[in-house]
file my_file-v5.cif (mmCIF, C-alpha atoms)
data_final
loop_
_atom_site.group_PDB
_atom_site.id
_atom_site.type_symbol
_atom_site.label_atom_id
_atom_site.label_comp_id
_atom_site.auth_asym_id
_atom_site.auth_seq_id
_atom_site.Cartn_x
_atom_site.Cartn_y
_atom_site.Cartn_z
ATOM 1 C CA MET C 1 120.622 110.092 85.942
ATOM 2 C CA THR C 2 119.272 106.832 84.520
ATOM 3 C CA MET C 3 115.537 106.372 84.851
ATOM 4 C CA GLY C 4 113.726 103.071 84.622
ATOM 5 C CA LYS C 5 110.732 102.128 82.545
ATOM 6 C CA ARG C 6 108.517 102.756 85.581
ATOM 7 C CA THR C 7 109.576 105.691 87.724
ATOM 8 C CA GLY C 8 107.925 107.267 90.753
ATOM 9 C CA LEU C 9 108.137 111.012 91.400
ATOM 10 C CA LEU C 10 108.240 112.107 95.034
ATOM 11 C CA GLY C 11 108.593 115.832 95.564
ATOM 12 C CA GLY C 12 109.220 117.771 98.745
ATOM 13 C CA THR C 13 111.249 120.382 100.561
ATOM 14 C CA PHE C 14 112.955 117.564 102.531
ATOM 15 C CA ASN C 15 113.602 120.003 105.366
ATOM 16 C CA PRO C 16 115.162 117.640 106.451
ATOM 17 C CA ILE C 17 114.765 114.269 104.731
ATOM 18 C CA HIS C 18 113.978 111.578 107.325
ATOM 19 C CA ARG C 19 113.613 107.817 107.560
ATOM 20 C CA GLY C 20 109.870 108.005 106.955
ATOM 21 C CA HIS C 21 110.543 109.444 103.471
ATOM 22 C CA ILE C 22 112.943 106.592 102.739
ATOM 23 C CA GLU C 23 110.736 103.791 104.029
ATOM 24 C CA LEU C 24 107.789 105.159 102.054
ATOM 25 C CA GLY C 25 109.854 105.061 98.848
ATOM 26 C CA LEU C 26 110.974 101.480 99.471
ATOM 27 C CA GLN C 27 107.388 100.373 100.226
ATOM 28 C CA ILE C 28 106.028 101.986 97.046
ATOM 29 C CA LEU C 29 108.827 100.509 94.920
ATOM 30 C CA ARG C 30 107.747 97.029 95.997
ATOM 31 C CA ALA C 31 104.002 97.614 95.938
ATOM 32 C CA TYR C 32 103.905 99.073 92.398
ATOM 33 C CA HIS C 33 106.916 97.246 90.900
ATOM 34 C CA LEU C 34 108.683 100.507 90.059
ATOM 35 C CA ASP C 35 112.262 100.563 88.796
ATOM 36 C CA ASN C 36 113.161 103.641 90.803
ATOM 37 C CA ILE C 37 111.830 106.773 92.483
ATOM 38 C CA LEU C 38 113.071 110.311 91.927
ATOM 39 C CA TYR C 39 113.147 112.432 95.091
ATOM 40 C CA ILE C 40 112.589 115.888 93.610
ATOM 41 C CA LEU C 41 113.873 118.663 95.845
ATOM 42 C CA SER C 42 111.634 121.722 95.784
ATOM 43 C CA ALA C 43 113.982 124.685 96.082
ATOM 44 C CA HIS C 44 111.269 127.369 95.834
ATOM 45 C CA PRO C 45 108.003 125.714 96.963
ATOM 46 C CA PRO C 46 104.992 127.834 95.921
ATOM 47 C CA HIS C 47 102.711 126.562 98.693
ATOM 48 C CA LYS C 48 105.136 126.782 101.604
ATOM 49 C CA THR C 49 106.647 129.823 103.242
ATOM 50 C CA HIS C 50 108.933 128.236 105.800
ATOM 51 C CA ILE C 51 110.663 130.671 108.109
ATOM 52 C CA ASN C 52 112.918 127.779 109.107
ATOM 53 C CA LEU C 53 113.707 126.485 105.606
ATOM 54 C CA ALA C 54 117.334 125.409 105.275
ATOM 55 C CA PRO C 55 119.147 126.615 102.121
ATOM 56 C CA ALA C 56 118.350 124.524 99.032
ATOM 57 C CA GLU C 57 122.020 123.515 98.613
ATOM 58 C CA THR C 58 122.130 122.213 102.196
ATOM 59 C CA ARG C 59 118.868 120.276 101.801
ATOM 60 C CA TRP C 60 120.221 118.851 98.533
ATOM 61 C CA GLU C 61 123.392 117.637 100.251
ATOM 62 C CA MET C 62 121.343 115.976 103.014
ATOM 63 C CA LEU C 63 119.075 114.345 100.418
ATOM 64 C CA THR C 64 122.031 113.028 98.423
ATOM 65 C CA ARG C 65 123.728 111.578 101.497
ATOM 66 C CA ALA C 66 120.542 110.001 102.845
ATOM 67 C CA LEU C 67 119.701 108.223 99.581
ATOM 68 C CA LYS C 68 123.219 107.006 98.789
ATOM 69 C CA PRO C 69 122.693 103.526 100.349
ATOM 70 C CA PHE C 70 119.489 103.028 98.320
ATOM 71 C CA PRO C 71 120.333 102.732 94.590
ATOM 72 C CA GLN C 72 116.681 102.763 93.485
ATOM 73 C CA LEU C 73 115.961 106.025 95.323
ATOM 74 C CA LEU C 74 117.489 108.856 93.302
ATOM 75 C CA PRO C 75 117.914 112.527 94.257
ATOM 76 C CA CYS C 76 116.694 114.855 91.484
ATOM 77 C CA ASP C 77 117.661 118.535 91.196
ATOM 78 C CA ILE C 78 115.432 119.469 88.234
ATOM 79 C CA GLU C 79 113.541 122.079 90.281
ATOM 80 C CA MET C 80 116.706 123.470 91.880
ATOM 81 C CA LYS C 81 117.872 124.557 88.437
ATOM 82 C CA ARG C 82 114.880 126.870 88.066
ATOM 83 C CA PRO C 83 115.268 130.373 89.490
ATOM 84 C CA THR C 84 111.497 130.738 89.873
ATOM 85 C CA LEU C 85 108.745 128.911 91.768
ATOM 86 C CA SER C 86 108.549 125.183 91.015
ATOM 87 C CA TRP C 87 105.184 123.914 89.796
ATOM 88 C CA THR C 88 104.545 120.166 89.512
ATOM 89 C CA ILE C 89 103.057 120.375 86.006
ATOM 90 C CA ASP C 90 106.230 122.038 84.677
ATOM 91 C CA THR C 91 108.452 119.393 86.268
ATOM 92 C CA VAL C 92 106.347 116.511 84.953
ATOM 93 C CA ASN C 93 106.296 117.941 81.422
ATOM 94 C CA GLU C 94 110.074 118.448 81.454
ATOM 95 C CA LEU C 95 110.727 114.896 82.680
ATOM 96 C CA LYS C 96 108.347 113.377 80.131
ATOM 97 C CA MET C 97 110.087 115.327 77.367
ATOM 98 C CA LYS C 98 113.521 114.105 78.510
ATOM 99 C CA SER C 99 112.382 110.478 78.934
ATOM 100 C CA PRO C 100 109.435 109.807 76.610
ATOM 101 C CA ASP C 101 109.701 106.026 77.086
ATOM 102 C CA THR C 102 109.368 106.180 80.876
ATOM 103 C CA GLU C 103 106.035 105.631 82.612
ATOM 104 C CA PHE C 104 105.892 108.126 85.488
ATOM 105 C CA TYR C 105 103.805 107.889 88.664
ATOM 106 C CA PHE C 106 103.358 110.945 90.857
ATOM 107 C CA ILE C 107 103.449 110.159 94.588
ATOM 108 C CA SER C 108 101.510 112.469 96.882
ATOM 109 C CA GLY C 109 100.446 112.402 100.510
ATOM 110 C CA SER C 110 96.688 112.550 100.974
ATOM 111 C CA GLU C 111 96.934 115.896 102.812
ATOM 112 C CA GLY C 112 98.623 117.487 99.814
ATOM 113 C CA PHE C 113 96.418 115.739 97.273
ATOM 114 C CA LEU C 114 93.262 117.108 98.896
ATOM 115 C CA LYS C 115 94.598 120.592 98.071
ATOM 116 C CA ILE C 116 95.277 119.713 94.427
ATOM 117 C CA ARG C 117 92.774 122.266 93.153
ATOM 118 C CA THR C 118 95.245 124.946 94.243
ATOM 119 C CA TRP C 119 97.966 123.453 92.013
ATOM 120 C CA LYS C 120 98.817 125.030 88.676
ATOM 121 C CA ASN C 121 96.893 123.376 85.776
ATOM 122 C CA TYR C 122 95.775 120.617 88.111
ATOM 123 C CA LYS C 123 93.154 119.221 85.706
ATOM 124 C CA THR C 124 95.813 118.735 83.027
ATOM 125 C CA LEU C 125 98.169 117.211 85.578
ATOM 126 C CA LEU C 126 95.597 114.632 86.703
ATOM 127 C CA GLN C 127 95.161 113.521 83.083
ATOM 128 C CA THR C 128 98.907 113.533 82.339
ATOM 129 C CA LEU C 129 100.107 110.712 84.596
ATOM 130 C CA PRO C 130 98.794 108.282 87.235
ATOM 131 C CA PHE C 131 98.944 109.360 90.885
ATOM 132 C CA ILE C 132 99.765 107.234 93.922
ATOM 133 C CA VAL C 133 98.053 108.869 96.897
ATOM 134 C CA VAL C 134 99.507 107.830 100.246
ATOM 135 C CA LEU C 135 96.783 107.716 102.913
ATOM 136 C CA ARG C 136 98.456 108.945 106.092
ATOM 137 C CA ASP C 137 95.015 108.859 107.711
ATOM 138 C CA PRO C 138 92.478 106.141 106.707
ATOM 139 C CA ALA C 139 89.704 108.729 107.137
ATOM 140 C CA HIS C 140 91.105 110.545 104.095
ATOM 141 C CA ALA C 141 90.116 107.677 101.759
ATOM 142 C CA PRO C 142 86.440 108.612 101.216
ATOM 143 C CA VAL C 143 87.310 112.318 100.923
ATOM 144 C CA VAL C 144 89.941 111.579 98.262
ATOM 145 C CA GLU C 145 87.494 109.298 96.433
ATOM 146 C CA ASN C 146 84.855 112.045 96.427
ATOM 147 C CA LEU C 147 87.341 114.459 94.914
ATOM 148 C CA LEU C 148 88.280 111.906 92.233
ATOM 149 C CA ASN C 149 84.613 111.340 91.381
ATOM 150 C CA GLU C 150 83.982 115.078 91.114
ATOM 151 C CA GLU C 151 87.010 115.498 88.832
ATOM 152 C CA LYS C 152 86.167 112.297 86.886
ATOM 153 C CA VAL C 153 89.690 110.947 87.376
ATOM 154 C CA GLU C 154 90.375 107.207 87.266
ATOM 155 C CA ARG C 155 94.156 106.818 87.121
ATOM 156 C CA VAL C 156 94.750 107.276 90.855
ATOM 157 C CA HIS C 157 95.958 104.527 93.192
ATOM 158 C CA LEU C 158 95.249 104.791 96.932
ATOM 159 C CA PHE C 159 98.134 103.419 98.983
ATOM 160 C CA SER C 160 97.853 102.660 102.687
ATOM 161 C CA TYR C 161 100.487 100.996 104.832
ATOM 162 C CA GLN C 162 101.286 100.493 108.510
ATOM 163 C CA SER C 163 104.617 101.695 109.826
ATOM 164 C CA ASP C 164 106.176 102.871 113.072
ATOM 165 C CA LYS C 165 107.734 105.659 110.978
ATOM 166 C CA LEU C 166 104.386 107.120 109.916
ATOM 167 C CA ASP C 167 104.503 109.640 112.742
ATOM 168 C CA ILE C 168 107.919 110.988 111.740
ATOM 169 C CA SER C 169 107.751 114.394 110.107
ATOM 170 C CA SER C 170 110.266 117.088 109.218
ATOM 171 C CA THR C 171 108.332 119.469 111.495
ATOM 172 C CA LEU C 172 108.717 117.076 114.435
ATOM 173 C CA ILE C 173 112.466 116.791 113.813
ATOM 174 C CA ARG C 174 112.919 120.578 113.600
ATOM 175 C CA GLU C 175 110.960 121.023 116.859
ATOM 176 C CA LYS C 176 113.045 118.380 118.659
ATOM 177 C CA ILE C 177 116.286 120.042 117.552
ATOM 178 C CA LYS C 178 114.973 123.451 118.618
ATOM 179 C CA GLN C 179 114.245 122.010 122.064
ATOM 180 C CA SER C 180 117.618 120.176 122.228
ATOM 181 C CA GLN C 181 115.901 116.761 122.211
ATOM 182 C CA SER C 182 117.319 113.583 120.653
ATOM 183 C CA ILE C 183 116.492 112.749 117.016
ATOM 184 C CA GLU C 184 118.164 109.347 117.198
ATOM 185 C CA GLY C 185 116.631 106.926 114.688
ATOM 186 C CA LEU C 186 114.613 109.607 112.894
ATOM 187 C CA VAL C 187 117.173 110.523 110.236
ATOM 188 C CA GLU C 188 120.105 108.795 108.552
ATOM 189 C CA GLU C 189 123.371 109.162 110.468
ATOM 190 C CA GLU C 190 124.987 111.202 107.670
ATOM 191 C CA VAL C 191 122.073 113.659 107.768
ATOM 192 C CA LYS C 192 122.328 113.930 111.556
ATOM 193 C CA LYS C 193 126.043 114.739 111.316
ATOM 194 C CA MET C 194 125.398 117.389 108.705
ATOM 195 C CA MET C 195 122.701 119.055 110.782
ATOM 196 C CA GLU C 196 125.026 119.134 113.795
ATOM 197 C CA VAL C 197 127.939 120.607 111.847
ATOM 198 C CA ASN C 198 125.749 123.288 110.240
ATOM 199 C CA LYS C 199 123.707 123.878 113.438
ATOM 200 C CA LEU C 200 120.514 123.498 111.405
ATOM 201 C CA TYR C 201 117.124 124.213 112.992
ATOM 202 C CA GLU C 202 118.628 125.177 116.353
ATOM 203 C CA ALA C 203 116.856 127.812 118.433
#
call {"tool": "encode", "arguments": {"input": "my_file-v5.cif", "output": "structure tokens"}}
result
Amino acid sequence: MTMGKRTGLLGGTFNPIHRGHIELGLQILRAYHLDNILYILSAHPPHKTHINLAPAETRWEMLTRALKPFPQLLPCDIEMKRPTLSWTIDTVNELKMKSPDTEFYFISGSEGFLKIRTWKNYKTLLQTLPFIVVLRDPAHAPVVENLLNEEKVERVHLFSYQSDKLDISSTLIREKIKQSQSIEGLVEEEVKKMMEVNKLYEA
């Protein structure tokens, strides 16, 4: 995997990956002039206990297929290779060690960022690399800013954008499939085919 000089890190369970994830990556690439973004699949997420979590290998295959048409959006399996829980600080340190010349930016939704004090070594992490916090809800902006002031952190960018894909979520897609509703336009066609073949998320 070839990383650029400026690389975004976007982690998630991608259960499943959807078009909102992809559009967000493309928007951030342009807004921050990044060379590429790594979509880091969390195989063993420490903060999520999904009953309906598809196997990591299946989620990886969906991620790979979905990102194939977008050469600057790269699937990354660094956390899949760990048999234990995946903590962000460990992933960031490993990537920085492998690519010392790359400037990394960690991309986080505002909901997740507001829980950052539950992350392993979060103070160190906030000082290790700049964050791009995606404001899914404009009301989150002052709350995030308060947290940053309390933690005395400056290298955080707040990113807000308008999109008809903002309301797409993996939870919504799983619920629609469970209720035998259409998910047309919510996921890439290759992902849709894979979910149908493997009967993922069905009741």
call {"tool": "resolve_selection", "arguments": {"input": "my_file-v5.cif", "expression": "the PyMOL selection byres ((chain C and resi 13-22) around 6)", "output": "number ranges by chain"}}
result
C: 12, 23-25, 41-42, 165, 168, 170, 186-187
call {"tool": "resolve_selection", "arguments": {"input": "my_file-v5.cif", "expression": "the PyMOL selection byres ((chain C and resi 160) around 6)", "output": "PyMOL selection string"}}
result
chain C and resi 134-135+159+161
call {"tool": "axis_aligned_box", "arguments": {"input": "my_file-v5.cif", "around": "range 152-157 of chain C", "padding_each_side": "8 Å", "output": "lines of an AutoDock Vina configuration file"}}
result
center_x = 91.1
center_y = 108.4
center_z = 90.0
size_x = 25.8
size_y = 23.8
size_z = 22.3
call {"tool": "atom_distance", "arguments": {"input": "my_file-v5.cif", "atom1": "CA of Ser182 in chain C", "atom2": "CA of Leu73 in chain C"}}
result
26.5 Å
call {"tool": "resolve_selection", "arguments": {"input": "my_file-v5.cif", "expression": "the PyMOL selection byres ((chain C and resi 57) around 12)", "output": "PyMOL selection string"}}
result
chain C and resi 13-16+41-44+53-56+58-64+77+79-81
call {"tool": "decode", "arguments": {"input": "my_file-v5.cif", "residues": "range 53-133 of chain C", "atoms": "C-alpha atoms", "output": "short mmCIF file (atom, residue, chain, number, x, y, z; two decimals), in the first residue's frame"}}
result
data_model
loop_
_atom_site.label_atom_id
_atom_site.label_comp_id
_atom_site.auth_asym_id
_atom_site.auth_seq_id
_atom_site.Cartn_x
_atom_site.Cartn_y
_atom_site.Cartn_z
CA LEU C 53 -21.68 -7.68 13.20
CA ALA C 54 -20.76 -9.43 9.96
CA PRO C 55 -17.50 -11.43 10.01
CA ALA C 56 -14.39 -9.26 9.59
CA GLU C 57 -13.39 -11.08 6.38
CA THR C 58 -16.81 -10.37 4.84
CA ARG C 59 -16.71 -6.69 5.85
CA TRP C 60 -13.19 -6.49 4.42
CA GLU C 61 -14.35 -7.90 1.08
CA MET C 62 -17.22 -5.39 0.94
CA LEU C 63 -14.84 -2.54 1.80
CA THR C 64 -12.36 -3.58 -0.88
CA ARG C 65 -15.04 -3.85 -3.56
CA ALA C 66 -16.69 -0.55 -2.62
CA LEU C 67 -13.44 1.44 -2.76
CA LYS C 68 -12.08 -0.12 -5.96
CA PRO C 69 -13.41 2.67 -8.25
CA PHE C 70 -11.81 5.35 -6.03
CA PRO C 71 -7.99 5.12 -6.25
CA GLN C 72 -7.41 7.69 -3.49
CA LEU C 73 -9.58 5.79 -1.00
CA LEU C 74 -7.60 2.78 0.20
CA PRO C 75 -8.78 -0.18 2.31
CA CYS C 76 -6.40 -0.89 5.21
CA ASP C 77 -6.27 -4.18 7.13
CA ILE C 78 -3.73 -3.17 9.80
CA GLU C 79 -6.22 -3.80 12.63
CA MET C 80 -7.47 -7.07 11.12
CA LYS C 81 -4.00 -8.52 11.59
CA ARG C 82 -4.23 -8.07 15.36
CA PRO C 83 -5.87 -10.91 17.30
CA THR C 84 -6.79 -8.55 20.14
CA LEU C 85 -8.90 -5.40 20.51
CA SER C 86 -7.88 -2.57 18.18
CA TRP C 87 -7.05 0.74 19.85
CA THR C 88 -6.55 3.88 17.74
CA ILE C 89 -3.32 4.91 19.47
CA ASP C 90 -1.70 1.55 18.60
CA THR C 91 -2.75 1.83 14.96
CA VAL C 92 -1.51 5.41 14.64
CA ASN C 93 1.85 4.57 16.22
CA GLU C 94 2.30 1.57 13.91
CA LEU C 95 1.47 3.60 10.79
CA LYS C 96 3.77 6.45 11.81
CA MET C 97 6.59 3.95 12.37
CA LYS C 98 6.03 2.38 8.93
CA SER C 99 5.75 5.75 7.14
CA PRO C 100 7.69 8.38 9.11
CA ASP C 101 7.56 10.88 6.22
CA THR C 102 3.76 10.85 5.97
CA GLU C 103 1.63 13.50 7.67
CA PHE C 104 -1.43 11.70 9.05
CA TYR C 105 -4.84 13.20 9.87
CA PHE C 106 -7.31 11.24 11.96
CA ILE C 107 -10.92 11.59 10.78
CA SER C 108 -13.63 11.20 13.39
CA GLY C 109 -17.36 11.85 13.53
CA SER C 110 -18.35 14.35 16.20
CA GLU C 111 -20.40 11.71 18.06
CA GLY C 112 -17.33 9.51 18.45
CA PHE C 113 -14.99 12.40 19.18
CA LEU C 114 -17.13 13.56 22.09
CA LYS C 115 -16.41 10.17 23.70
CA ILE C 116 -12.65 10.47 23.18
CA ARG C 117 -11.95 10.44 26.91
CA THR C 118 -12.89 6.76 26.86
CA TRP C 119 -10.20 6.02 24.26
CA LYS C 120 -6.91 4.43 25.27
CA ASN C 121 -4.18 7.07 25.93
CA TYR C 122 -6.42 9.73 24.43
CA LYS C 123 -4.30 12.65 25.68
CA THR C 124 -1.25 11.25 23.89
CA LEU C 125 -3.32 10.60 20.78
CA LEU C 126 -4.58 14.19 20.62
CA GLN C 127 -0.98 15.43 20.71
CA THR C 128 0.28 12.84 18.21
CA LEU C 129 -1.56 13.93 15.05
CA PRO C 130 -4.15 16.48 13.88
CA PHE C 131 -7.82 15.46 13.96
CA ILE C 132 -10.53 16.28 11.44
CA VAL C 133 -13.84 16.19 13.31
#
